[in-house]
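Undergrad: So here's input.cif (mmCIF, C-alpha atoms).
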data_input
loop_
_atom_site.label_atom_id
_atom_site.label_comp_id
_atom_site.auth_asym_id
_atom_site.auth_seq_id
_atom_site.Cartn_x
_atom_site.Cartn_y
_atom_site.Cartn_z
CA MET M 1 24.59 257.20 133.51
CA ARG M 2 26.35 259.35 131.00
CA HIS M 3 28.35 256.38 129.81
CA GLY M 4 25.16 254.36 129.61
CA CYS M 5 23.52 256.93 127.38
CA ALA M 6 26.56 257.21 125.17
CA GLY M 7 26.74 253.46 124.91
CA ALA M 8 23.11 253.23 124.00
CA LEU M 9 23.53 255.90 121.35
CA MET M 10 26.56 254.14 119.94
CA LEU M 11 24.76 250.80 119.91
CA GLY M 12 21.80 252.43 118.21
CA ALA M 13 24.04 253.97 115.59
CA LEU M 14 25.75 250.67 114.97
CA LEU M 15 22.46 248.83 114.69
CA TRP M 16 21.24 251.47 112.27
CA ALA M 17 24.42 251.20 110.26
CA GLY M 18 23.99 247.49 110.05
CA SER M 19 20.34 247.35 109.27
CA ALA M 20 19.43 245.92 105.93
CA ASP M 21 18.11 248.61 103.67
CA PRO M 22 14.51 248.00 102.76
CA ALA M 23 13.51 248.18 99.16
CA ALA M 24 14.02 251.74 98.04
CA HIS M 25 10.89 253.80 97.91
CA HIS M 26 10.04 257.12 96.39
CA ALA M 27 8.87 260.21 98.18
CA VAL M 28 5.26 259.81 99.23
CA GLN M 29 4.77 263.50 98.56
CA ALA M 30 5.57 263.03 94.86
CA ALA M 31 2.38 261.05 94.29
CA PHE M 32 0.12 261.97 97.20
CA ASP M 33 -0.88 265.39 98.54
CA GLN M 34 -0.63 265.32 102.32
CA ASP M 35 -2.83 268.42 102.51
CA ASP M 36 -5.67 266.92 100.44
CA HIS M 37 -7.48 264.34 102.50
CA ALA M 38 -10.32 262.00 101.49
CA THR M 39 -12.34 259.61 103.60
CA VAL M 40 -13.47 256.43 101.87
CA THR M 41 -15.42 253.49 103.24
CA GLY M 42 -15.62 250.17 101.50
CA VAL M 43 -15.15 246.45 101.58
CA LEU M 44 -11.55 245.31 101.82
CA THR M 45 -11.05 242.94 98.90
CA LYS M 46 -7.30 242.40 98.91
CA VAL M 47 -4.17 243.19 100.89
CA LEU M 48 -0.73 243.03 99.32
CA TRP M 49 1.96 242.80 101.97
CA ILE M 50 4.69 243.87 99.57
CA ASN M 51 7.54 246.33 99.07
CA PRO M 52 7.99 249.19 98.73
CA HIS M 53 4.54 249.98 100.17
CA VAL M 54 1.77 247.81 101.55
CA ARG M 55 -1.40 247.96 99.43
CA TRP M 56 -5.05 247.68 100.37
CA PHE M 57 -7.89 247.51 97.88
CA LEU M 58 -11.25 248.88 98.97
CA ASP M 59 -14.42 248.52 96.95
CA VAL M 60 -16.23 251.78 97.60
CA LYS M 61 -19.89 252.14 96.61
CA ASP M 62 -21.26 255.60 95.83
CA GLU M 63 -24.84 256.82 96.23
CA SER M 64 -25.83 255.45 92.82
CA GLY M 65 -24.53 252.03 93.71
CA LYS M 66 -21.52 252.24 91.45
CA ILE M 67 -18.47 250.52 92.91
CA THR M 68 -15.02 252.04 92.56
CA THR M 69 -11.93 250.18 93.70
CA TRP M 70 -9.59 252.41 95.68
CA THR M 71 -5.93 251.49 95.92
CA ILE M 72 -4.56 252.50 99.30
CA SER M 73 -0.83 252.77 99.88
CA GLY M 74 0.97 252.71 103.22
CA ALA M 75 4.36 252.30 104.77
CA GLY M 76 6.62 249.42 103.82
CA PRO M 77 5.93 245.97 105.23
CA GLY M 78 9.07 246.19 107.35
CA GLY M 79 7.71 249.21 109.18
CA PHE M 80 4.48 247.46 109.98
CA ARG M 81 6.43 244.41 111.07
CA ASP M 82 8.49 246.51 113.45
CA ILE M 83 5.38 247.54 115.33
CA GLY M 84 3.85 244.09 115.17
CA ILE M 85 1.07 244.68 112.68
CA SER M 86 0.66 242.04 110.04
CA GLY M 87 -1.72 241.65 107.17
CA ARG M 88 -3.94 239.04 108.75
CA ASP M 89 -4.43 240.10 112.35
CA VAL M 90 -5.74 243.57 111.62
CA PHE M 91 -6.84 243.60 108.00
CA LYS M 92 -9.42 240.99 107.10
CA THR M 93 -10.73 240.78 103.56
CA GLY M 94 -14.50 240.94 103.27
CA ALA M 95 -14.85 243.35 106.18
CA THR M 96 -15.68 247.04 105.86
CA TYR M 97 -12.97 249.57 106.60
CA THR M 98 -12.77 253.33 106.41
CA ALA M 99 -9.55 254.93 105.28
CA ILE M 100 -8.58 258.56 105.67
CA VAL M 101 -6.00 259.11 102.96
CA ALA M 102 -3.79 261.73 101.40
CA ARG M 103 -5.27 261.79 97.92
CA ALA M 104 -3.31 261.06 94.79
CA ARG M 105 -2.24 264.24 93.07
CA ASP M 106 -3.69 262.96 89.79
CA LYS M 107 -7.07 262.53 91.51
CA SER M 108 -7.18 258.82 90.67
CA PRO M 109 -9.03 256.63 93.21
CA SER M 110 -5.93 256.06 95.29
CA GLY M 111 -4.29 257.53 98.33
CA TYR M 112 -1.70 257.17 101.07
CA VAL M 113 -3.31 256.04 104.29
CA LEU M 114 -3.19 258.31 107.32
CA THR M 115 -5.82 256.57 109.45
CA PHE M 116 -7.76 253.35 109.24
CA ILE M 117 -11.05 252.89 111.05
CA LEU M 118 -11.37 249.19 111.77
CA PRO M 119 -14.66 247.29 111.40
CA ASP M 120 -15.27 247.56 115.16
CA GLY M 121 -14.83 251.33 115.09
CA ARG M 122 -11.34 251.56 116.52
CA LYS M 123 -9.08 254.10 114.86
CA ILE M 124 -5.45 253.58 114.03
CA ASP M 125 -3.17 256.38 112.82
CA LEU M 126 -0.26 255.15 110.75
CA TRP M 127 2.97 257.10 110.38
CA HIS M 128 1.09 260.34 110.46
CA GLN M 129 0.29 263.15 112.81
CA TYR M 130 -2.54 265.53 111.99
CA LYS M 131 -1.77 269.23 112.06
CA SER M 132 -4.51 269.71 114.61
CA GLU M 133 -2.67 267.52 117.08
CA PRO M 134 -0.46 269.03 119.79
CA GLY M 135 3.03 269.74 118.52
CA ALA M 136 2.28 268.74 114.95
CA GLY M 137 3.67 270.92 112.24
CA ALA M 138 5.26 273.37 114.63
CA GLY M 139 7.35 275.78 112.63
CA GLU M 140 5.89 274.61 109.36
CA LYS M 141 3.50 276.48 107.15
CA MET O 142 2.62 238.01 109.68
CA THR O 143 4.70 236.07 107.31
CA ARG O 144 7.82 234.85 108.96
CA VAL O 145 10.33 232.75 107.18
CA VAL O 146 13.14 230.96 108.80
CA PHE O 147 15.53 230.53 105.96
CA GLY O 148 16.81 227.22 107.11
CA LEU O 149 19.96 228.96 108.11
CA SER O 150 20.45 226.61 110.99
CA LEU O 151 20.81 223.75 108.57
CA ILE O 152 23.10 225.76 106.32
CA ALA O 153 25.14 226.74 109.31
CA LEU O 154 25.43 223.17 110.49
CA LEU O 155 26.51 221.95 107.07
CA ALA O 156 29.07 224.69 106.79
CA GLY O 157 30.46 224.18 110.24
CA ASP O 158 29.20 227.60 111.21
CA VAL O 159 29.28 227.13 114.93
CA GLU O 160 29.42 230.62 116.37
CA ALA O 161 32.98 231.08 117.36
CA GLN O 162 33.62 231.39 121.03
CA THR O 163 35.07 234.72 121.88
CA ARG O 164 37.37 235.38 124.74
CA PRO O 165 38.81 238.57 126.11
CA ALA O 166 42.14 239.61 124.68
CA SER O 167 44.96 240.63 126.93
CA ASN O 168 44.14 244.30 126.39
CA GLY O 169 40.58 243.84 127.57
CA SER O 170 38.92 243.97 124.15
CA THR O 171 37.24 240.95 122.59
CA ALA O 172 39.59 238.77 120.58
CA THR O 173 38.78 238.06 116.95
CA PRO O 174 37.68 234.46 116.61
CA ARG O 175 39.60 232.40 114.09
CA THR O 176 38.91 229.33 112.05
CA PRO O 177 41.00 226.15 112.40
CA GLU O 178 42.90 227.39 109.32
CA GLY O 179 43.88 230.50 111.24
CA LYS O 180 41.75 232.93 109.27
CA PRO O 181 39.45 235.43 110.98
CA ASP O 182 35.99 233.90 111.28
CA LEU O 183 33.53 236.28 109.69
CA SER O 184 30.60 233.96 110.37
CA GLY O 185 27.75 235.46 112.25
CA ARG O 186 24.67 237.62 112.25
CA TRP O 187 25.64 241.22 111.80
CA GLY O 188 24.01 244.55 112.50
CA GLY O 189 20.24 244.57 112.26
CA GLY O 190 20.60 240.93 111.42
CA GLY O 191 17.59 240.30 109.24
CA GLY O 192 14.81 241.71 111.35
CA GLY O 193 12.90 240.13 114.13
CA ALA O 194 14.62 242.19 116.77
CA GLY O 195 11.44 244.14 117.39
CA GLY O 196 10.97 247.25 119.42
CA ALA O 197 11.92 249.59 116.62
CA GLY O 198 8.63 251.31 116.31
CA GLY O 199 6.10 251.07 119.05
CA VAL O 200 2.36 251.34 119.31
CA GLN O 201 0.49 253.87 121.39
CA ALA O 202 -3.10 253.72 122.53
CA ILE O 203 -4.43 257.15 123.50
CA GLU O 204 -7.54 257.19 125.67
CA PRO O 205 -10.18 259.88 125.14
CA ASP O 206 -9.02 261.54 128.36
CA GLY O 207 -5.48 261.77 126.99
CA GLN O 208 -3.93 258.87 128.89
CA VAL O 209 -1.27 257.24 126.73
CA HIS O 210 -0.45 253.53 126.81
CA GLN O 211 2.85 252.57 125.17
CA PHE O 212 3.47 249.14 123.66
CA GLU O 213 6.35 247.62 121.78
CA HIS O 214 4.11 245.64 119.48
CA TYR O 215 0.53 245.56 118.35
CA SER O 216 0.10 242.14 119.94
CA GLU O 217 0.77 243.67 123.36
CA TYR O 218 -1.87 246.29 122.68
CA SER O 219 -4.31 243.55 121.65
CA ALA O 220 -3.63 241.66 124.87
CA ALA O 221 -4.17 244.78 126.93
CA LEU O 222 -7.40 245.46 125.06
CA ALA O 223 -8.61 241.93 125.70
CA ALA O 224 -7.73 242.24 129.38
CA GLY O 225 -9.59 245.52 129.68
CA ARG O 226 -6.47 247.53 130.48
CA VAL O 227 -7.09 249.65 127.39
CA SER O 228 -10.49 250.82 126.23
CA ALA O 229 -11.80 250.17 122.74
CA ASN O 230 -12.23 253.93 122.43
CA ALA O 231 -8.51 254.53 122.64
CA LYS O 232 -7.04 255.76 119.39
CA ILE O 233 -4.23 253.54 118.18
CA VAL O 234 -1.11 255.18 116.84
CA GLY O 235 1.44 253.18 114.96
CA ARG O 236 4.40 255.12 113.67
CA GLN O 237 8.12 255.34 113.86
CA PRO O 238 9.12 257.75 116.57
CA ASN O 239 11.87 259.64 114.78
CA TYR O 240 9.80 261.55 112.25
CA ARG O 241 9.99 265.30 112.61
CA HIS O 242 6.53 266.32 113.82
CA GLY O 243 5.52 262.69 113.33
CA ASN O 244 5.10 263.26 109.62
CA ASN O 245 6.89 261.15 107.07
CA VAL O 246 6.89 263.99 104.54
CA TYR O 247 9.22 265.96 106.78
CA SER O 248 11.30 262.84 107.27
CA GLU O 249 11.64 262.32 103.54
CA ARG O 250 12.52 265.95 102.91
CA ASP O 251 15.09 265.84 105.69
CA ALA O 252 16.60 262.71 104.18
CA GLY O 253 16.74 264.25 100.72
CA PHE O 254 18.51 267.35 102.03
CA THR O 255 20.91 265.31 104.11
CA GLN O 256 21.83 263.02 101.23
CA ARG O 257 22.64 265.91 98.97
CA ALA O 258 24.30 268.18 101.53
CA PHE O 259 26.38 265.59 103.35
CA GLY O 260 26.68 262.82 100.80
CA ASN O 261 29.89 261.32 99.52
CA PRO O 262 29.51 261.70 95.77
CA PRO O 263 31.71 259.93 93.23
CA LEU O 264 33.85 262.30 91.18
CA TYR O 265 32.48 262.08 87.65
CA LYS O 266 34.33 263.35 84.62
CA PRO O 267 32.99 266.76 83.55
CA GLU O 268 31.31 265.42 80.43
CA PHE O 269 29.00 263.33 82.66
CA TRP O 270 27.97 266.07 85.09
CA GLU O 271 24.84 266.94 83.13
CA ARG O 272 23.80 263.30 83.05
CA VAL O 273 24.23 262.93 86.80
CA GLN O 274 22.19 266.08 87.36
CA TYR O 275 19.47 264.85 85.00
CA LEU O 276 19.31 261.47 86.74
CA ASP O 277 19.17 263.14 90.14
CA GLU O 278 16.39 265.51 89.14
CA ASN O 279 14.42 262.72 87.47
CA GLY O 280 15.25 259.98 89.92
CA ASN O 281 11.61 259.08 90.48
CA LYS O 282 11.56 257.76 86.92
CA GLU O 283 15.22 256.91 86.34
CA ASP O 284 16.28 255.17 89.55
CA THR O 285 15.51 251.56 88.77
CA THR O 286 15.20 250.56 92.43
CA PHE O 287 11.93 252.51 92.38
CA SER O 288 10.64 250.16 89.71
CA CYS O 289 11.77 247.27 91.91
CA PHE O 290 15.06 246.31 90.28
CA PRO O 291 17.68 245.09 92.77
CA PRO O 292 20.12 247.66 94.12
CA GLY O 293 23.14 245.62 93.02
CA VAL O 294 26.67 245.69 94.40
CA PRO O 295 27.80 247.86 96.16
CA ARG O 296 24.55 249.75 96.80
CA LEU O 297 23.33 246.59 98.49
CA GLY O 298 25.72 247.30 101.36
CA PRO O 299 27.08 244.78 103.84
CA PRO O 300 25.48 241.40 104.48
CA MET O 301 23.32 240.68 107.50
CA ARG O 302 24.59 237.13 107.79
CA ILE O 303 27.87 235.45 106.83
CA VAL O 304 28.65 231.75 106.72
CA GLN O 305 32.33 231.04 106.15
CA THR O 306 33.94 227.81 105.03
CA PRO O 307 37.55 227.16 104.05
CA LYS O 308 36.59 227.43 100.37
CA ASP O 309 33.93 230.11 100.20
CA VAL O 310 31.91 232.69 102.06
CA ILE O 311 28.15 232.88 101.85
CA LEU O 312 26.83 236.42 102.18
CA MET O 313 23.14 236.82 102.91
CA TYR O 314 21.06 239.97 102.69
CA GLN O 315 17.59 240.68 103.90
CA ASN O 316 17.16 243.05 100.96
CA ARG O 317 15.22 240.99 98.37
CA ASN O 318 16.32 237.86 100.26
CA MET O 319 19.51 237.93 98.19
CA TRP O 320 22.56 235.79 98.71
CA ARG O 321 26.03 235.49 97.23
CA VAL O 322 28.39 232.51 97.37
CA ILE O 323 31.93 233.76 96.85
CA PRO O 324 34.87 231.38 96.37
CA ILE O 325 37.95 232.19 98.45
CA ASP O 326 40.10 229.30 97.20
CA GLY O 327 42.29 231.42 94.97
CA ARG O 328 40.52 230.83 91.69
CA PRO O 329 40.41 233.60 89.06
CA HIS O 330 37.24 235.17 87.71
CA ASP O 331 35.05 232.89 85.66
CA PRO O 332 35.82 233.69 82.00
CA VAL O 333 32.17 233.63 80.97
CA ASN O 334 30.44 235.04 84.05
CA SER O 335 32.90 237.91 84.30
CA GLN O 336 31.67 239.08 80.90
CA ASP O 337 28.05 238.82 81.95
CA GLN O 338 25.97 241.88 82.89
CA THR O 339 24.41 241.28 86.29
CA PHE O 340 23.44 243.14 89.44
CA LEU O 341 25.73 241.17 91.75
CA GLY O 342 28.60 240.56 89.33
CA ASP O 343 31.15 237.75 89.28
CA ALA O 344 32.98 237.75 92.60
CA VAL O 345 36.16 236.05 93.84
CA GLY O 346 37.73 236.51 97.25
CA ARG O 347 41.16 236.28 98.73
CA TRP O 348 42.76 236.98 102.09
CA GLU O 349 45.09 239.94 102.45
CA GLY O 350 46.31 239.45 106.00
CA ASP O 351 43.18 239.46 108.13
CA THR O 352 41.07 241.24 105.52
CA LEU O 353 38.87 239.36 103.09
CA VAL O 354 39.11 241.15 99.76
CA ILE O 355 36.36 240.44 97.23
CA ASP O 356 36.92 241.46 93.62
CA VAL O 357 33.74 241.84 91.58
CA VAL O 358 33.30 242.43 87.85
CA GLY O 359 30.65 241.58 85.26
CA PHE O 360 28.06 244.19 86.15
CA ASN O 361 25.25 245.70 84.16
CA ASP O 362 24.82 249.47 83.85
CA VAL O 363 21.30 249.43 85.28
CA SER O 364 21.98 249.71 89.00
CA TRP O 365 23.29 252.88 90.63
CA LEU O 366 25.89 253.58 93.30
CA GLY O 367 23.52 255.87 95.16
CA TRP O 368 20.22 257.64 94.71
CA PRO O 369 21.32 261.15 93.63
CA GLY O 370 21.92 259.91 90.09
CA TRP O 371 25.19 258.12 90.77
CA PHE O 372 25.26 255.83 87.75
CA HIS O 373 28.02 253.44 86.66
CA THR O 374 28.99 251.59 83.51
CA ASN O 375 29.14 247.88 82.84
CA ASN O 376 32.94 248.13 82.98
CA MET O 377 32.77 248.82 86.73
CA ARG O 378 34.98 246.86 89.09
CA VAL O 379 34.13 246.78 92.79
CA VAL O 380 36.56 245.76 95.50
CA GLU O 381 34.89 244.93 98.81
CA ARG O 382 36.83 244.53 102.03
CA LEU O 383 35.53 242.73 105.09
CA ARG O 384 37.47 242.67 108.33
CA ARG O 385 36.44 241.42 111.72
CA GLU O 386 37.80 243.06 114.85
CA GLY O 387 36.46 241.29 117.90
CA ASN O 388 32.70 241.46 117.58
CA THR O 389 32.62 244.20 114.95
CA LEU O 390 32.52 243.64 111.21
CA HIS O 391 34.00 246.38 109.05
CA TYR O 392 32.76 246.68 105.48
CA GLN O 393 34.23 248.93 102.84
CA ALA O 394 33.84 249.07 99.07
CA THR O 395 35.84 250.81 96.38
CA VAL O 396 34.39 251.42 92.92
CA HIS O 397 36.68 251.54 89.90
CA ASP O 398 34.91 252.86 86.83
CA PRO O 399 37.46 254.86 84.81
CA ASP O 400 35.06 255.25 81.88
CA VAL O 401 33.10 257.82 83.86
CA LEU O 402 34.90 258.48 87.15
CA MET O 403 37.94 260.71 87.61
CA ALA O 404 39.10 258.60 90.56
CA PRO O 405 38.01 255.43 92.36
CA TRP O 406 35.06 256.06 94.66
CA GLU O 407 35.32 255.00 98.28
CA MET O 408 31.91 254.13 99.61
CA ASP O 409 31.24 255.25 103.18
CA PRO O 410 32.62 252.48 105.41
CA ARG O 411 30.24 250.58 107.64
CA ALA O 412 30.81 249.00 111.03
CA LEU O 413 28.35 246.34 112.15
CA PRO O 414 28.17 244.84 115.63
CA LEU O 415 27.75 241.12 116.08
CA ASN O 416 24.06 240.48 116.59
CA THR O 417 23.47 237.69 119.10
CA SER O 418 19.70 237.63 118.61
CA ASP O 419 18.16 234.25 117.89
CA ALA O 420 15.02 235.85 116.46
CA PRO O 421 13.75 234.38 113.18
CA TYR O 422 15.09 235.80 109.97
CA LEU O 423 12.29 237.61 108.21
CA GLU O 424 11.33 237.44 104.59
CA ASP O 425 11.73 240.66 102.66
CA PRO O 426 8.49 240.67 100.67
CA PRO O 427 8.71 241.07 96.91
CA CYS O 428 8.54 244.50 95.36
CA LEU O 429 5.77 245.65 93.05
CA ASP O 430 5.39 249.27 92.03
CA PHE O 431 2.00 250.94 91.76
CA ASP O 432 2.99 254.58 92.09
CA LEU O 433 5.28 255.61 89.25
CA SER O 434 2.39 256.32 86.92
CA HIS O 435 0.81 258.58 89.56
CA MET O 436 3.82 260.76 90.26
CA LEU O 437 3.26 264.38 89.38
CA THR O 438 6.27 265.93 91.08
CA ARG O 439 9.97 265.08 91.01
CA GLU O 440 10.38 265.23 94.75
CA ARG O 441 12.69 262.58 96.17
CA GLY O 442 13.09 261.27 99.63
#
Step by step, read the file and then write its structure as structure tokens.
TA:
Amino acid sequence: MRHGCAGALMLGALLWAGSADPAAHHAVQAAFDQDDHATVTGVLTKVLWINPHVRWFLDVKDESGKITTWTISGAGPGGFRDIGISGRDVFKTGATYTAIVARARDKSPSGYVLTFILPDGRKIDLWHQYKSEPGAGAGEK
Amino acid sequence: MTRVVFGLSLIALLAGDVEAQTRPASNGSTATPRTPEGKPDLSGRWGGGGGGAGGAGGVQAIEPDGQVHQFEHYSEYSAALAAGRVSANAKIVGRQPNYRHGNNVYSERDAGFTQRAFGNPPLYKPEFWERVQYLDENGNKEDTTFSCFPPGVPRLGPPMRIVQTPKDVILMYQNRNMWRVIPIDGRPHDPVNSQDQTFLGDAVGRWEGDTLVIDVVGFNDVSWLGWPGWFHTNNMRVVERLRREGNTLHYQATVHDPDVLMAPWEMDPRALPLNTSDAPYLEDPPCLDFDLSHMLTRERG
């Protein structure tokens, strides 16, 4: 058993060492404040399945009827691919989605997605754990 | 999901890239396969091997009562949902499992600390120390990979696929879907291309024993050696060494840039296992930056 674990660790390390580096990406925290959340609901008009971060464009209508296009950023396409989520099977243009995002520090209509609420009401958290969740942020401020 | 099979099967067939049969050596380890010319056969899919292996992330579905369903892929979750094994009220969680506290901010900060504390920096001449520090501190703006330029050689690292012929080696990378065709027939550098200024340079290879040595010149000064501000000049020469031992590919690169470095820089060596997966090779989607204009801090990750 011990050898099996060691072998698995070694194989994992080797696979990591050999993995192709994805397109370099900057720190999410440099552009988006993970402690400043916004919830926006709108019509998904476009999805860009690109590096270094997948992009969604939501047309969000305010109470006066004015439409603002929000640019939503997420993990890289490789990360989504690893868990089997593609642009077409989950994200359908023309449908209405809600995104809970870490807002852009410059307060522009953009954010880094934490959770999507799909048109049928299902929620999907993406590469994020809320501080209210068990074990999240332990030892952090 | 966009999946692209790069037609590698056809390339492989044309190049005679039939995966070499391996057999145990007398000492119990796997023997290094050789070509009919007697050279080590570097052909194969190496390391992560261009994606498609799956299982790296995982999807959870958490029921309102706390029950957790674990899936390798979203498609498995969808099938379970359709079959009624998971309720539509279950919250879906898609994330890599190795983030500290599940938060990519911590992951990025950890990576930044690790790179600086345990990195293998080139030794720059003292008159360039301030420039390296400036580039490191302002990497969000200065590191051209963030504005989607290619990483270049040697930052690109080892290939994920090699096709070897008697006259050349074809190195393929998932990163930006890049490829390099490197002659190994003894020719010198091309007199024009070696004066060019490119990300991949002008490369020629030769065998030193069982090691394929690739000499590369003709670079630009746009790419970096590594993200903490490790710049280079367009007089850089890179020597890459590839050696196969059984089913492991060893990759090592040495950077000669005497204009700015006090000594040649040895990049951290890499060892890649042979990847026997027959999964499709995946396209690396193009890169388009939206974020640089929104960055208000200089934090890296």
Undergrad: Quick check on the file I pasted: which residues fall under the PyMOL selection byres ((chain O and resi 175) around 10)? Write them as a count of residues only.
TA: 17
Undergrad: Counting only C-alpha atoms, which of O:Arg296, O:Gly346, O:Arg441, O:Thr286 gets nearest to Ser248 of chain O?
TA: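 Among O:Arg296, O:Gly346, O:Arg441, O:Thr286, it is O:Arg441 that comes nearest to Ser248 of chain O.
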Undergrad: Would you kindly return, as a VMD selection string, each protein, DNA or RNA residue with an atom no farther than 9 Å from any atom of segment 317-323 of chain O, considering all atoms listed in the file and excluding same-chain residues fewer than 4 positions away?
TA: (chain M and resid 22 to 23) or (chain O and resid 291 300 308 to 313 341 343 to 346 355 423 to 428)
Undergrad: Could you tell me how far atom CA of Leu58 of chain M sits from atom CA of Thr96 of chain M, in Å to one decimal place?
TA: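 Interatomic distance, atom CA of Thr96 of chain M to atom CA of Leu58 of chain M: 8.4 Å.
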Undergrad: What is the atom CA of Asn361 of chain O-atom CA of Thr339 of chain O distance in Å, reported with one decimal?
TA: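 Pair atom CA of Asn361 of chain O / atom CA of Thr339 of chain O returns 5.0 Å.
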